[in-house]
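J.: File model-v1.pdb below, PDB, C-alpha atoms and all ligand atoms:
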```
ATOM      1  CA  MET A  30      14.682  34.271  20.752
ATOM      2  CA  SER A  31      12.731  34.414  17.520
ATOM      3  CA  SER A  32      13.708  32.137  14.648
ATOM      4  CA  ASN A  33      16.112  34.724  13.173
ATOM      5  CA  GLY A  34      18.037  34.989  16.443
ATOM      6  CA  THR A  35      16.772  38.431  17.493
ATOM      7  CA  PRO A  36      14.898  38.736  20.779
ATOM      8  CA  GLY A  37      11.133  38.647  20.384
ATOM      9  CA  ARG A  38       9.101  41.779  21.023
ATOM     10  CA  GLU A  39       7.842  40.574  24.398
ATOM     11  CA  LEU A  40      11.304  39.687  25.596
ATOM     12  CA  GLU A  41      12.558  43.062  24.495
ATOM     13  CA  ASP A  42       9.756  44.760  26.407
ATOM     14  CA  VAL A  43      11.005  42.933  29.507
ATOM     15  CA  GLU A  44      14.548  44.105  28.813
ATOM     16  CA  ILE A  45      13.343  47.679  28.410
ATOM     17  CA  ARG A  46      11.488  47.569  31.718
ATOM     18  CA  LEU A  47      14.601  46.222  33.448
ATOM     19  CA  LEU A  48      16.798  48.882  31.871
ATOM     20  CA  LEU A  49      14.456  51.678  32.931
ATOM     21  CA  GLU A  50      14.217  50.270  36.457
ATOM     22  CA  GLY A  51      18.039  50.070  36.638
ATOM     23  CA  VAL A  52      18.437  53.641  35.378
ATOM     24  CA  TYR A  53      15.978  54.810  37.992
ATOM     25  CA  ARG A  54      17.652  52.972  40.874
ATOM     26  CA  GLN A  55      21.194  53.815  39.883
ATOM     27  CA  TYR A  56      20.789  57.411  38.665
ATOM     28  CA  GLY A  57      17.354  58.547  39.846
ATOM     29  CA  PHE A  58      16.107  59.400  36.339
ATOM     30  CA  ASP A  59      12.623  58.018  36.014
ATOM     31  CA  PHE A  60      11.610  57.204  32.443
ATOM     32  CA  ARG A  61       9.427  54.269  33.486
ATOM     33  CA  GLU A  62       6.207  55.969  32.460
ATOM     34  CA  TYR A  63       7.342  57.638  29.264
ATOM     35  CA  ALA A  64       5.289  56.803  26.181
ATOM     36  CA  PRO A  65       6.613  53.377  25.057
ATOM     37  CA  ALA A  66       6.806  53.795  21.262
ATOM     38  CA  SER A  67       9.073  56.827  21.213
ATOM     39  CA  LEU A  68      11.075  55.451  24.165
ATOM     40  CA  LYS A  69      11.756  52.223  22.297
ATOM     41  CA  ARG A  70      12.907  54.116  19.189
ATOM     42  CA  ARG A  71      15.330  56.160  21.218
ATOM     43  CA  LEU A  72      16.721  53.179  23.115
ATOM     44  CA  HIS A  73      17.333  51.423  19.809
ATOM     45  CA  ARG A  74      19.121  54.463  18.470
ATOM     46  CA  ARG A  75      21.444  54.488  21.501
ATOM     47  CA  MET A  76      21.931  50.704  21.290
ATOM     48  CA  TYR A  77      23.106  50.960  17.665
ATOM     49  CA  ALA A  78      25.216  54.039  18.344
ATOM     50  CA  GLU A  79      27.034  52.060  21.060
ATOM     51  CA  SER A  80      27.448  49.112  18.643
ATOM     52  CA  LEU A  81      25.447  46.853  20.937
ATOM     53  CA  GLU A  82      23.049  44.116  19.956
ATOM     54  CA  THR A  83      20.547  43.958  22.766
ATOM     55  CA  ILE A  84      18.839  46.251  25.240
ATOM     56  CA  SER A  85      20.323  44.090  28.007
ATOM     57  CA  ALA A  86      23.809  44.914  26.716
ATOM     58  CA  LEU A  87      22.846  48.559  26.742
ATOM     59  CA  GLN A  88      21.615  48.182  30.314
ATOM     60  CA  ASP A  89      24.945  46.695  31.326
ATOM     61  CA  ARG A  90      26.875  49.582  29.801
ATOM     62  CA  VAL A  91      24.588  52.308  31.110
ATOM     63  CA  LEU A  92      24.729  50.982  34.671
ATOM     64  CA  HIS A  93      28.509  50.638  34.724
ATOM     65  CA  ASP A  94      29.475  53.685  32.683
ATOM     66  CA  PRO A  95      28.022  57.065  33.741
ATOM     67  CA  SER A  96      29.190  58.659  30.467
ATOM     68  CA  CYS A  97      26.925  56.217  28.601
ATOM     69  CA  MET A  98      24.085  57.317  30.888
ATOM     70  CA  GLU A  99      24.776  60.920  29.856
ATOM     71  CA  ARG A 100      24.578  59.981  26.184
ATOM     72  CA  LEU A 101      21.346  58.083  26.792
ATOM     73  CA  LEU A 102      19.912  61.034  28.683
ATOM     74  CA  LEU A 103      20.523  63.249  25.671
ATOM     75  CA  ASP A 104      18.710  60.705  23.483
ATOM     76  CA  LEU A 105      15.757  60.401  25.822
ATOM     77  CA  SER A 106      15.239  64.057  26.555
ATOM     78  CA  ILE A 107      14.237  65.209  23.112
ATOM     79  CA  ASN A 108      15.495  68.776  23.064
ATOM     80  CA  VAL A 109      13.978  70.174  19.879
ATOM     81  CA  THR A 110      12.986  73.785  20.406
ATOM     82  CA  ALA A 111      12.962  77.185  18.686
ATOM     83  CA  MET A 112      12.651  80.873  19.453
ATOM     84  CA  PHE A 113       9.057  82.074  19.320
ATOM     85  CA  ARG A 114       8.020  78.515  18.483
ATOM     86  CA  ASP A 115       4.322  78.510  17.529
ATOM     87  CA  PRO A 116       4.193  82.327  17.161
ATOM     88  CA  THR A 117       0.427  82.417  17.710
ATOM     89  CA  PHE A 118       1.047  81.209  21.252
ATOM     90  CA  TYR A 119       3.053  84.362  21.960
ATOM     91  CA  VAL A 120       0.314  86.530  20.443
ATOM     92  CA  ALA A 121      -2.172  84.911  22.843
ATOM     93  CA  PHE A 122       0.246  85.271  25.743
ATOM     94  CA  ARG A 123       0.626  88.991  25.011
ATOM     95  CA  GLU A 124      -3.108  89.522  24.674
ATOM     96  CA  GLN A 125      -4.455  87.262  27.387
ATOM     97  CA  VAL A 126      -1.784  86.554  29.949
ATOM     98  CA  VAL A 127       0.157  89.824  30.055
ATOM     99  CA  PRO A 128      -2.878  91.871  31.236
ATOM    100  CA  MET A 129      -3.314  89.430  34.138
ATOM    101  CA  LEU A 130       0.359  89.541  35.017
ATOM    102  CA  ARG A 131       0.161  93.338  35.102
ATOM    103  CA  THR A 132      -2.235  93.139  38.035
ATOM    104  CA  TYR A 133       0.560  91.801  40.266
ATOM    105  CA  PRO A 134       3.397  93.960  41.623
ATOM    106  CA  PHE A 135       5.826  91.055  41.088
ATOM    107  CA  THR A 136       5.436  87.764  39.272
ATOM    108  CA  ARG A 137       7.213  84.432  39.103
ATOM    109  CA  ILE A 138       7.050  82.343  35.935
ATOM    110  CA  TRP A 139       8.274  78.775  35.627
ATOM    111  CA  VAL A 140       9.428  77.496  32.245
ATOM    112  CA  ALA A 141       9.522  73.737  32.870
ATOM    113  CA  GLY A 142      11.433  71.671  30.298
ATOM    114  CA  CYS A 143      13.178  74.736  28.884
ATOM    115  CA  SER A 144      15.694  72.751  26.819
ATOM    116  CA  THR A 145      18.470  74.961  25.387
ATOM    117  CA  GLY A 146      16.657  78.141  26.394
ATOM    118  CA  GLU A 147      15.142  79.507  23.181
ATOM    119  CA  GLU A 148      11.711  79.657  24.842
ATOM    120  CA  VAL A 149      13.136  81.479  27.865
ATOM    121  CA  TYR A 150      14.839  84.182  25.780
ATOM    122  CA  SER A 151      11.634  84.568  23.734
ATOM    123  CA  LEU A 152       9.575  85.036  26.888
ATOM    124  CA  ALA A 153      12.107  87.507  28.321
ATOM    125  CA  ILE A 154      11.953  89.554  25.090
ATOM    126  CA  LEU A 155       8.147  89.598  25.175
ATOM    127  CA  LEU A 156       8.042  90.622  28.851
ATOM    128  CA  ASP A 157      10.651  93.315  28.236
ATOM    129  CA  GLU A 158       8.584  94.743  25.385
ATOM    130  CA  GLU A 159       5.558  94.789  27.664
ATOM    131  CA  GLN A 160       7.546  96.557  30.430
ATOM    132  CA  LEU A 161       7.015  93.589  32.709
ATOM    133  CA  TYR A 162      10.451  92.036  32.719
ATOM    134  CA  ASP A 163      11.801  94.129  35.595
ATOM    135  CA  ARG A 164       9.133  92.811  37.915
ATOM    136  CA  THR A 165       9.333  89.199  36.864
ATOM    137  CA  ARG A 166      11.550  86.337  37.855
ATOM    138  CA  ILE A 167      11.711  83.425  35.436
ATOM    139  CA  TYR A 168      12.682  79.978  36.706
ATOM    140  CA  ALA A 169      13.915  77.893  33.791
ATOM    141  CA  THR A 170      14.374  74.203  34.484
ATOM    142  CA  ASP A 171      15.123  71.002  32.638
ATOM    143  CA  ILE A 172      16.022  67.435  33.578
ATOM    144  CA  ASN A 173      19.142  67.701  31.452
ATOM    145  CA  GLN A 174      22.079  69.671  32.875
ATOM    146  CA  ALA A 175      23.819  69.854  29.476
ATOM    147  CA  VAL A 176      20.963  71.805  27.862
ATOM    148  CA  ILE A 177      20.762  74.128  30.879
ATOM    149  CA  GLU A 178      24.448  74.989  30.403
ATOM    150  CA  ARG A 179      23.790  75.800  26.761
ATOM    151  CA  ALA A 180      20.792  77.927  27.699
ATOM    152  CA  ARG A 181      22.982  79.965  30.045
ATOM    153  CA  THR A 182      25.411  80.856  27.261
ATOM    154  CA  GLY A 183      22.647  82.503  25.199
ATOM    155  CA  VAL A 184      24.398  81.660  21.941
ATOM    156  CA  PHE A 185      22.166  80.258  19.195
ATOM    157  CA  PRO A 186      23.016  79.267  15.616
ATOM    158  CA  LEU A 187      23.312  82.265  13.312
ATOM    159  CA  ASP A 188      21.691  80.362  10.472
ATOM    160  CA  LYS A 189      18.499  80.109  12.542
ATOM    161  CA  MET A 190      18.115  83.872  12.854
ATOM    162  CA  GLN A 191      16.133  84.258   9.663
ATOM    163  CA  GLU A 192      13.545  81.726  10.806
ATOM    164  CA  TYR A 193      13.460  83.196  14.320
ATOM    165  CA  THR A 194      13.032  86.716  12.931
ATOM    166  CA  GLN A 195       9.982  85.528  11.005
ATOM    167  CA  ASN A 196       8.625  83.832  14.139
ATOM    168  CA  TYR A 197       9.261  86.981  16.168
ATOM    169  CA  ILE A 198       7.363  89.153  13.678
ATOM    170  CA  ARG A 199       4.446  86.695  13.590
ATOM    171  CA  ALA A 200       4.511  86.610  17.394
ATOM    172  CA  GLY A 201       3.789  90.349  17.462
ATOM    173  CA  GLY A 202       7.364  91.479  18.213
ATOM    174  CA  LYS A 203       7.637  95.232  18.610
ATOM    175  CA  ARG A 204      11.233  95.959  17.642
ATOM    176  CA  ALA A 205      13.787  94.740  15.152
ATOM    177  CA  PHE A 206      14.736  91.216  16.232
ATOM    178  CA  SER A 207      18.404  91.928  15.452
ATOM    179  CA  GLU A 208      18.468  94.433  18.344
ATOM    180  CA  TYR A 209      18.559  91.493  20.741
ATOM    181  CA  TYR A 210      21.715  89.778  19.545
ATOM    182  CA  THR A 211      25.190  90.320  18.168
ATOM    183  CA  ALA A 212      27.182  87.938  16.005
ATOM    184  CA  LYS A 213      29.805  86.446  18.320
ATOM    185  CA  TYR A 214      31.465  83.131  19.166
ATOM    186  CA  GLY A 215      30.379  81.792  15.781
ATOM    187  CA  GLY A 216      26.712  82.304  16.635
ATOM    188  CA  ALA A 217      24.119  84.849  17.693
ATOM    189  CA  LEU A 218      24.869  85.980  21.237
ATOM    190  CA  PHE A 219      21.705  87.260  22.902
ATOM    191  CA  SER A 220      21.791  90.247  25.219
ATOM    192  CA  ARG A 221      22.885  89.170  28.705
ATOM    193  CA  SER A 222      20.296  91.507  30.214
ATOM    194  CA  LEU A 223      17.619  89.077  28.987
ATOM    195  CA  ILE A 224      18.729  86.601  31.633
ATOM    196  CA  ASP A 225      19.299  89.068  34.474
ATOM    197  CA  ASN A 226      16.041  87.859  36.028
ATOM    198  CA  VAL A 227      16.308  84.207  35.048
ATOM    199  CA  VAL A 228      17.272  81.398  37.409
ATOM    200  CA  PHE A 229      18.390  78.294  35.494
ATOM    201  CA  ALA A 230      18.317  75.001  37.403
ATOM    202  CA  GLN A 231      18.164  71.277  36.858
ATOM    203  CA  HIS A 232      14.781  69.905  37.924
ATOM    204  CA  ASN A 233      13.154  66.595  37.159
ATOM    205  CA  LEU A 234       9.390  66.901  36.760
ATOM    206  CA  VAL A 235       8.929  63.222  37.523
ATOM    207  CA  SER A 236      10.815  62.918  40.792
ATOM    208  CA  ASP A 237      11.496  66.425  42.144
ATOM    209  CA  ARG A 238       8.959  68.362  44.143
ATOM    210  CA  ALA A 239       7.438  71.824  43.961
ATOM    211  CA  PHE A 240       9.955  74.540  44.805
ATOM    212  CA  ASN A 241       8.034  77.821  44.631
ATOM    213  CA  GLU A 242       4.690  79.462  43.922
ATOM    214  CA  PHE A 243       4.131  80.744  40.399
ATOM    215  CA  ASN A 244       1.782  83.104  38.608
ATOM    216  CA  ALA A 245       2.335  81.265  35.345
ATOM    217  CA  ILE A 246       3.839  77.961  34.279
ATOM    218  CA  LEU A 247       4.885  77.161  30.727
ATOM    219  CA  CYS A 248       5.451  73.475  30.062
ATOM    220  CA  ARG A 249       5.211  73.114  26.327
ATOM    221  CA  ASN A 250       6.064  70.010  24.318
ATOM    222  CA  VAL A 251       7.346  68.089  27.332
ATOM    223  CA  MET A 252       4.418  65.994  28.572
ATOM    224  CA  ILE A 253       3.749  64.704  25.093
ATOM    225  CA  TYR A 254       6.431  62.116  25.889
ATOM    226  CA  PHE A 255       4.735  61.000  29.127
ATOM    227  CA  ASP A 256       1.992  58.418  29.511
ATOM    228  CA  ARG A 257      -1.368  59.413  31.005
ATOM    229  CA  SER A 258      -0.569  58.571  34.641
ATOM    230  CA  LEU A 259       2.725  60.455  34.513
ATOM    231  CA  GLN A 260       0.997  63.434  32.901
ATOM    232  CA  ASN A 261      -1.435  63.482  35.821
ATOM    233  CA  LYS A 262       1.424  63.333  38.304
ATOM    234  CA  VAL A 263       3.176  66.281  36.662
ATOM    235  CA  LEU A 264      -0.080  68.243  36.398
ATOM    236  CA  GLU A 265      -0.517  67.714  40.122
ATOM    237  CA  LEU A 266       2.904  69.233  40.683
ATOM    238  CA  PHE A 267       1.936  72.249  38.562
ATOM    239  CA  ASP A 268      -1.358  72.565  40.398
ATOM    240  CA  GLU A 269       0.503  72.661  43.727
ATOM    241  CA  SER A 270       2.882  75.255  42.318
ATOM    242  CA  LEU A 271       0.341  77.666  40.812
ATOM    243  CA  VAL A 272      -1.328  80.489  42.730
ATOM    244  CA  MET A 273      -5.109  80.693  42.428
ATOM    245  CA  PHE A 274      -5.890  82.196  38.982
ATOM    246  CA  GLY A 275      -2.386  81.284  37.877
ATOM    247  CA  MET A 276      -1.862  80.456  34.195
ATOM    248  CA  LEU A 277      -0.749  77.173  32.696
ATOM    249  CA  ALA A 278       0.508  76.919  29.103
ATOM    250  CA  LEU A 279       0.880  73.538  27.404
ATOM    251  CA  GLY A 280       2.109  72.636  23.921
ATOM    252  CA  HIS A 281      -0.146  72.533  20.868
ATOM    253  CA  LYS A 282      -0.447  68.744  21.085
ATOM    254  CA  GLU A 283      -1.090  68.687  24.829
ATOM    255  CA  SER A 284      -4.267  69.344  26.741
ATOM    256  CA  LEU A 285      -6.017  69.192  30.100
ATOM    257  CA  LYS A 286      -8.906  67.353  28.473
ATOM    258  CA  PHE A 287      -9.612  63.986  30.090
ATOM    259  CA  THR A 288      -7.217  64.710  32.954
ATOM    260  CA  ALA A 289      -8.122  65.011  36.623
ATOM    261  CA  PHE A 290      -7.639  68.790  36.304
ATOM    262  CA  GLU A 291     -10.048  69.526  33.485
ATOM    263  CA  ASP A 292     -12.762  70.934  35.777
ATOM    264  CA  ARG A 293     -10.457  73.022  37.898
ATOM    265  CA  TYR A 294      -9.025  75.053  35.048
ATOM    266  CA  GLU A 295     -10.701  77.535  32.770
ATOM    267  CA  GLU A 296      -9.705  77.363  29.118
ATOM    268  CA  LEU A 297      -8.354  80.825  28.273
ATOM    269  CA  ASN A 298      -7.483  79.903  24.721
ATOM    270  CA  SER A 299      -8.194  76.424  23.459
ATOM    271  CA  ASN A 300      -6.017  76.606  20.315
ATOM    272  CA  GLU A 301      -3.022  77.784  22.299
ATOM    273  CA  ARG A 302      -3.653  75.432  25.219
ATOM    274  CA  LEU A 303      -3.713  78.266  27.712
ATOM    275  CA  TYR A 304      -5.474  77.563  30.996
ATOM    276  CA  ARG A 305      -6.218  79.380  34.229
ATOM    277  CA  LYS A 306      -6.562  77.736  37.635
ATOM    278  CA  VAL A 307      -9.976  78.568  39.024
ATOM    279  CA  ALA A 308     -10.563  76.026  41.791
TER
HETATM  280  C1  LIG B 401      10.935  69.083  23.107
HETATM  281  S1  LIG B 401      11.741  69.950  24.421
HETATM  282  C2  LIG B 401      10.637  71.310  24.640
HETATM  283  C3  LIG B 401      11.377  72.604  24.821
HETATM  284  C4  LIG B 401      10.494  73.844  24.934
HETATM  285  N1  LIG B 401       9.622  73.771  26.072
HETATM  286  C5  LIG B 401       9.706  74.067  23.676
HETATM  287  O1  LIG B 401       8.495  73.891  23.676
HETATM  288  O2  LIG B 401      10.314  74.418  22.657
HETATM  289  C6  LIG B 401      11.376  68.902  25.804
HETATM  290  C7  LIG B 401      12.285  69.167  27.001
HETATM  291  O3  LIG B 401      11.722  68.499  28.141
HETATM  292  C8  LIG B 401      12.782  68.033  28.934
HETATM  293  N2  LIG B 401      12.307  66.958  29.803
HETATM  294  C9  LIG B 401      11.964  65.677  29.466
HETATM  295  N3  LIG B 401      11.632  64.983  30.558
HETATM  296  C10 LIG B 401      11.756  65.839  31.616
HETATM  297  C11 LIG B 401      11.554  65.708  33.005
HETATM  298  N4  LIG B 401      11.180  64.556  33.535
HETATM  299  N5  LIG B 401      11.779  66.786  33.806
HETATM  300  C12 LIG B 401      12.169  67.968  33.260
HETATM  301  N6  LIG B 401      12.391  68.147  31.950
HETATM  302  C13 LIG B 401      12.175  67.101  31.127
HETATM  303  C14 LIG B 401      13.799  67.561  27.910
HETATM  304  O4  LIG B 401      15.098  67.486  28.468
HETATM  305  C15 LIG B 401      13.679  68.615  26.817
HETATM  306  O5  LIG B 401      14.636  69.625  26.961
END
```
Using the file provided, produce a representation of the structure as structure tokens.
Ligand SMILES: C[S@@+](CC[C@H](N)C(=O)[O-])C[C@H]1O[C@@H](n2cnc3c(N)ncnc32)[C@H](O)[C@@H]1O
T.:
Amino acid sequence: MSSNGTPGRELEDVEIRLLLEGVYRQYGFDFREYAPASLKRRLHRRMYAESLETISALQDRVLHDPSCMERLLLDLSINVTAMFRDPTFYVAFREQVVPMLRTYPFTRIWVAGCSTGEEVYSLAILLDEEQLYDRTRIYATDINQAVIERARTGVFPLDKMQEYTQNYIRAGGKRAFSEYYTAKYGGALFSRSLIDNVVFAQHNLVSDRAFNEFNAILCRNVMIYFDRSLQNKVLELFDESLVMFGMLALGHKESLKFTAFEDRYEELNSNERLYRKVA
């Protein structure tokens, strides 16, 4: 204990390691190699929300109360997302990836860490406009079952539609964005046909294995929360899952630079973090 009665930083680091180890052993969710600063912030947030005073108390509750684990999971799996997020990425995808996808009679795309699905619906719209949707299957996965359920509903906040319309236009959208949704259930309900070729499933990038072969993998704004060794582990999983010349898309703050995969991927677009497997 420090002089003011709160656990010192080192002791708290020990508590955090024990909590993460317990969560892994009890529930199989492996956050042990997530970037420590943001992890600590989120654990504190959950600790205060549960009116607890120490990480050890939080560990006790999480291990004995699965509903507390669910709440913690929501805190740890930062779900921020948007339709046509980073519109320039979609411009690059249209210009550089679509022509390659056209060369295949049928393609499989994996959206890993899809959160509540905005990225998946955006991709489906783009592929539909490029007449590629009918010969594509999209696998949309996330560690968090709750966000997957929301993604399946295809209902997004109506008050976001103005922002998403702007994103869609900047992303090179070819129609009126409002053609894709109707106001329903207090939100914007997106056309069900957009998920006709989508398989939603829970999948943990840290502990689950490869499950198919893909022509493209989008994993944007997910690995930013992982430390370097975990990033390498997940990149290995993507490498196993990509066909030769398959495409990998990372988030704007993520990169293959200084990873074990740097030399085996060609940079298709460095600003948009678009890569192609070449070895
Ligand atoms: C910030 S969101 C990114 C959503 C979307 N890809 C985008 O760029 O807008 C990060 C998502 O990664 C998911 N995630 C975090 N750790 C994961 C893991 N180990 N396996 C699978 N998904 C994970 C979270 O649940 C969250 O939905």
J.: Please identify all polymer residues lying at most 10 Å from the point (-3.7, 73.7, 42.5) (file coordinates), using all atoms listed in the file, and present the result as a ChimeraX atom specification.
T.: /A:264-275,290,293-294,306-308
J.: Could the residues of chain A that have an atom at most 8 Å from ligand LIG 401 (chain B) be listed as CSV, each with its closest atom pair and the distance in Å to one decimal, counting only C-alpha atoms and all ligand atoms and ordered by chain and ascending residue number?
T.:
```
residue,atom,partner,partner_atom,distance
A:Phe58,CA,B:LIG401,N4,7.7
A:Asp59,CA,B:LIG401,N4,7.1
A:Phe60,CA,B:LIG401,N4,7.4
A:Leu103,CA,B:LIG401,O4,7.4
A:Leu105,CA,B:LIG401,C9,7.4
A:Ser106,CA,B:LIG401,O4,3.9
A:Ile107,CA,B:LIG401,C15,5.1
A:Asn108,CA,B:LIG401,O5,4.1
A:Val109,CA,B:LIG401,C1,4.6
A:Thr110,CA,B:LIG401,O2,3.6
A:Ala111,CA,B:LIG401,O2,5.5
A:Met112,CA,B:LIG401,O2,7.6
A:Arg114,CA,B:LIG401,O2,6.3
A:Val140,CA,B:LIG401,N1,7.2
A:Ala141,CA,B:LIG401,N6,6.4
A:Gly142,CA,B:LIG401,O3,3.8
A:Cys143,CA,B:LIG401,N1,4.6
A:Ser144,CA,B:LIG401,O5,3.3
A:Thr145,CA,B:LIG401,O5,6.8
A:Gly146,CA,B:LIG401,C4,7.7
A:Glu147,CA,B:LIG401,O2,7.0
A:Glu148,CA,B:LIG401,O2,5.8
A:Thr170,CA,B:LIG401,C12,6.7
A:Asp171,CA,B:LIG401,N6,4.0
A:Ile172,CA,B:LIG401,C12,3.9
A:Asn173,CA,B:LIG401,O4,5.0
A:Val176,CA,B:LIG401,O5,6.8
A:Gln231,CA,B:LIG401,C12,7.7
A:His232,CA,B:LIG401,C12,5.7
A:Asn233,CA,B:LIG401,N5,3.6
A:Leu234,CA,B:LIG401,N5,3.8
A:Val235,CA,B:LIG401,N4,4.8
A:Ser236,CA,B:LIG401,N4,7.4
A:Leu247,CA,B:LIG401,N1,7.5
A:Cys248,CA,B:LIG401,N1,5.8
A:Arg249,CA,B:LIG401,O1,4.3
A:Asn250,CA,B:LIG401,O1,4.6
A:Val251,CA,B:LIG401,C6,4.4
A:Met252,CA,B:LIG401,N3,7.6
A:Tyr254,CA,B:LIG401,C9,7.5
A:Gly280,CA,B:LIG401,O1,6.5
```
J.: Enumerate, as an MDAnalysis selection string, the residues matched when the PyMOL selection byres (((chain A and resi 130) around 10) and not hetatm) is run on the file above.
T.: chainID A and resid 125:129 131:138 156 161 164:165 244:245 275:276
J.: Applying 9 Å and all atoms listed in the file, which residues near range 38-51 of chain A remain after dropping the ones on its own chain fewer than 3 positions away? List them as a PyMOL selection string.
T.: chain A and resi 30-31+54-56+58-61+69+72+83-85+87-89+91-92
J.: Please, which residues are within 9 Å of (17.0, 87.1, 17.4) by the file's coordinates, counting all atoms listed in the file, and could they come as number ranges by chain?
T.: A: 112, 151, 185, 187, 189-191, 193-194, 197, 205-211, 217-219
J.: Between A:Ser220, A:Arg166, A:Ala200, A:Asp225, which residue has the minimum interatomic distance to Ala121 in chain A, considering all atoms listed in the file?
T.: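 Checking each of A:Ser220, A:Arg166, A:Ala200, A:Asp225 against Ala121 in chain A, counting all atoms listed in the file, the winner is A:Ala200.
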J.: Which distance in Å separates CA of Glu99 in chain A and CA of Tyr77 in chain A, to one decimal?
T.: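 It comes out at 15.8 Å.
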J.: One number please: CA of Asn261 in chain A to CA of Leu285 in chain A, in Å, one decimal.
T.: 9.3 Å
J.: For each of A:Asp115, A:Glu192, A:Glu178, A:Glu242, take the minimum atom-to-atom distance to Ala230 in chain A, counting all atoms listed in the file, then give the residue where this is smallest.
T.: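 Of the candidates, the smallest distance to Ala230 in chain A is held by A:Glu178.
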J.: Distance CA of His281 in chain A-CA of Tyr119 in chain A, one decimal place?
T.: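 CA of Tyr119 in chain A lies at a distance of 12.3 Å from CA of His281 in chain A.
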J.: Each side padded by 3 Å, which centre and which edge lengths in Å (one decimal) define the axis-aligned box around the listed atoms of range 155-161 of chain A? Give them as lines of an AutoDock Vina configuration file.
T.:
```
center_x = 8.1
center_y = 93.1
center_z = 28.9
size_x = 11.1
size_y = 13.0
size_z = 13.5
```
J.: Since the input lacks atoms, please generate N, CA and C atoms for range 163-176 of chain A and provide them as a PDB file, keeping the file's coordinate frame.
T.:
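The result, stored in rebuild-v6.pdb:
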```pdb
ATOM      1  N   ASP A 163      11.130  93.703  34.363  1.00  0.00           N
ATOM      2  CA  ASP A 163      11.801  94.129  35.595  1.00  0.00           C
ATOM      3  C   ASP A 163      11.084  93.655  36.850  1.00  0.00           C
ATOM      4  N   ARG A 164       9.821  93.328  36.716  1.00  0.00           N
ATOM      5  CA  ARG A 164       9.133  92.811  37.915  1.00  0.00           C
ATOM      6  C   ARG A 164       8.742  91.336  37.776  1.00  0.00           C
ATOM      7  N   THR A 165       9.571  90.639  37.038  1.00  0.00           N
ATOM      8  CA  THR A 165       9.333  89.199  36.864  1.00  0.00           C
ATOM      9  C   THR A 165      10.604  88.417  37.182  1.00  0.00           C
ATOM     10  N   ARG A 166      10.429  87.271  37.781  1.00  0.00           N
ATOM     11  CA  ARG A 166      11.550  86.337  37.855  1.00  0.00           C
ATOM     12  C   ARG A 166      11.133  85.073  37.118  1.00  0.00           C
ATOM     13  N   ILE A 167      11.994  84.640  36.201  1.00  0.00           N
ATOM     14  CA  ILE A 167      11.711  83.425  35.436  1.00  0.00           C
ATOM     15  C   ILE A 167      12.579  82.291  35.986  1.00  0.00           C
ATOM     16  N   TYR A 168      11.946  81.181  36.292  1.00  0.00           N
ATOM     17  CA  TYR A 168      12.682  79.978  36.706  1.00  0.00           C
ATOM     18  C   TYR A 168      12.667  79.026  35.517  1.00  0.00           C
ATOM     19  N   ALA A 169      13.829  78.736  34.990  1.00  0.00           N
ATOM     20  CA  ALA A 169      13.915  77.893  33.791  1.00  0.00           C
ATOM     21  C   ALA A 169      14.574  76.580  34.173  1.00  0.00           C
ATOM     22  N   THR A 170      13.836  75.485  34.020  1.00  0.00           N
ATOM     23  CA  THR A 170      14.374  74.203  34.484  1.00  0.00           C
ATOM     24  C   THR A 170      14.283  73.132  33.398  1.00  0.00           C
ATOM     25  N   ASP A 171      15.158  72.160  33.532  1.00  0.00           N
ATOM     26  CA  ASP A 171      15.123  71.002  32.638  1.00  0.00           C
ATOM     27  C   ASP A 171      15.767  69.837  33.378  1.00  0.00           C
ATOM     28  N   ILE A 172      15.427  68.643  32.984  1.00  0.00           N
ATOM     29  CA  ILE A 172      16.022  67.435  33.578  1.00  0.00           C
ATOM     30  C   ILE A 172      17.505  67.317  33.189  1.00  0.00           C
ATOM     31  N   ASN A 173      17.845  67.944  32.072  1.00  0.00           N
ATOM     32  CA  ASN A 173      19.142  67.701  31.452  1.00  0.00           C
ATOM     33  C   ASN A 173      20.107  68.869  31.699  1.00  0.00           C
ATOM     34  N   GLN A 174      21.136  68.611  32.501  1.00  0.00           N
ATOM     35  CA  GLN A 174      22.079  69.671  32.875  1.00  0.00           C
ATOM     36  C   GLN A 174      22.791  70.247  31.640  1.00  0.00           C
ATOM     37  N   ALA A 175      23.063  69.386  30.654  1.00  0.00           N
ATOM     38  CA  ALA A 175      23.819  69.854  29.476  1.00  0.00           C
ATOM     39  C   ALA A 175      23.047  70.939  28.723  1.00  0.00           C
ATOM     40  N   VAL A 176      21.722  70.778  28.595  1.00  0.00           N
ATOM     41  CA  VAL A 176      20.963  71.805  27.862  1.00  0.00           C
ATOM     42  C   VAL A 176      20.852  73.086  28.686  1.00  0.00           C
TER      43      VAL A 176
END
```
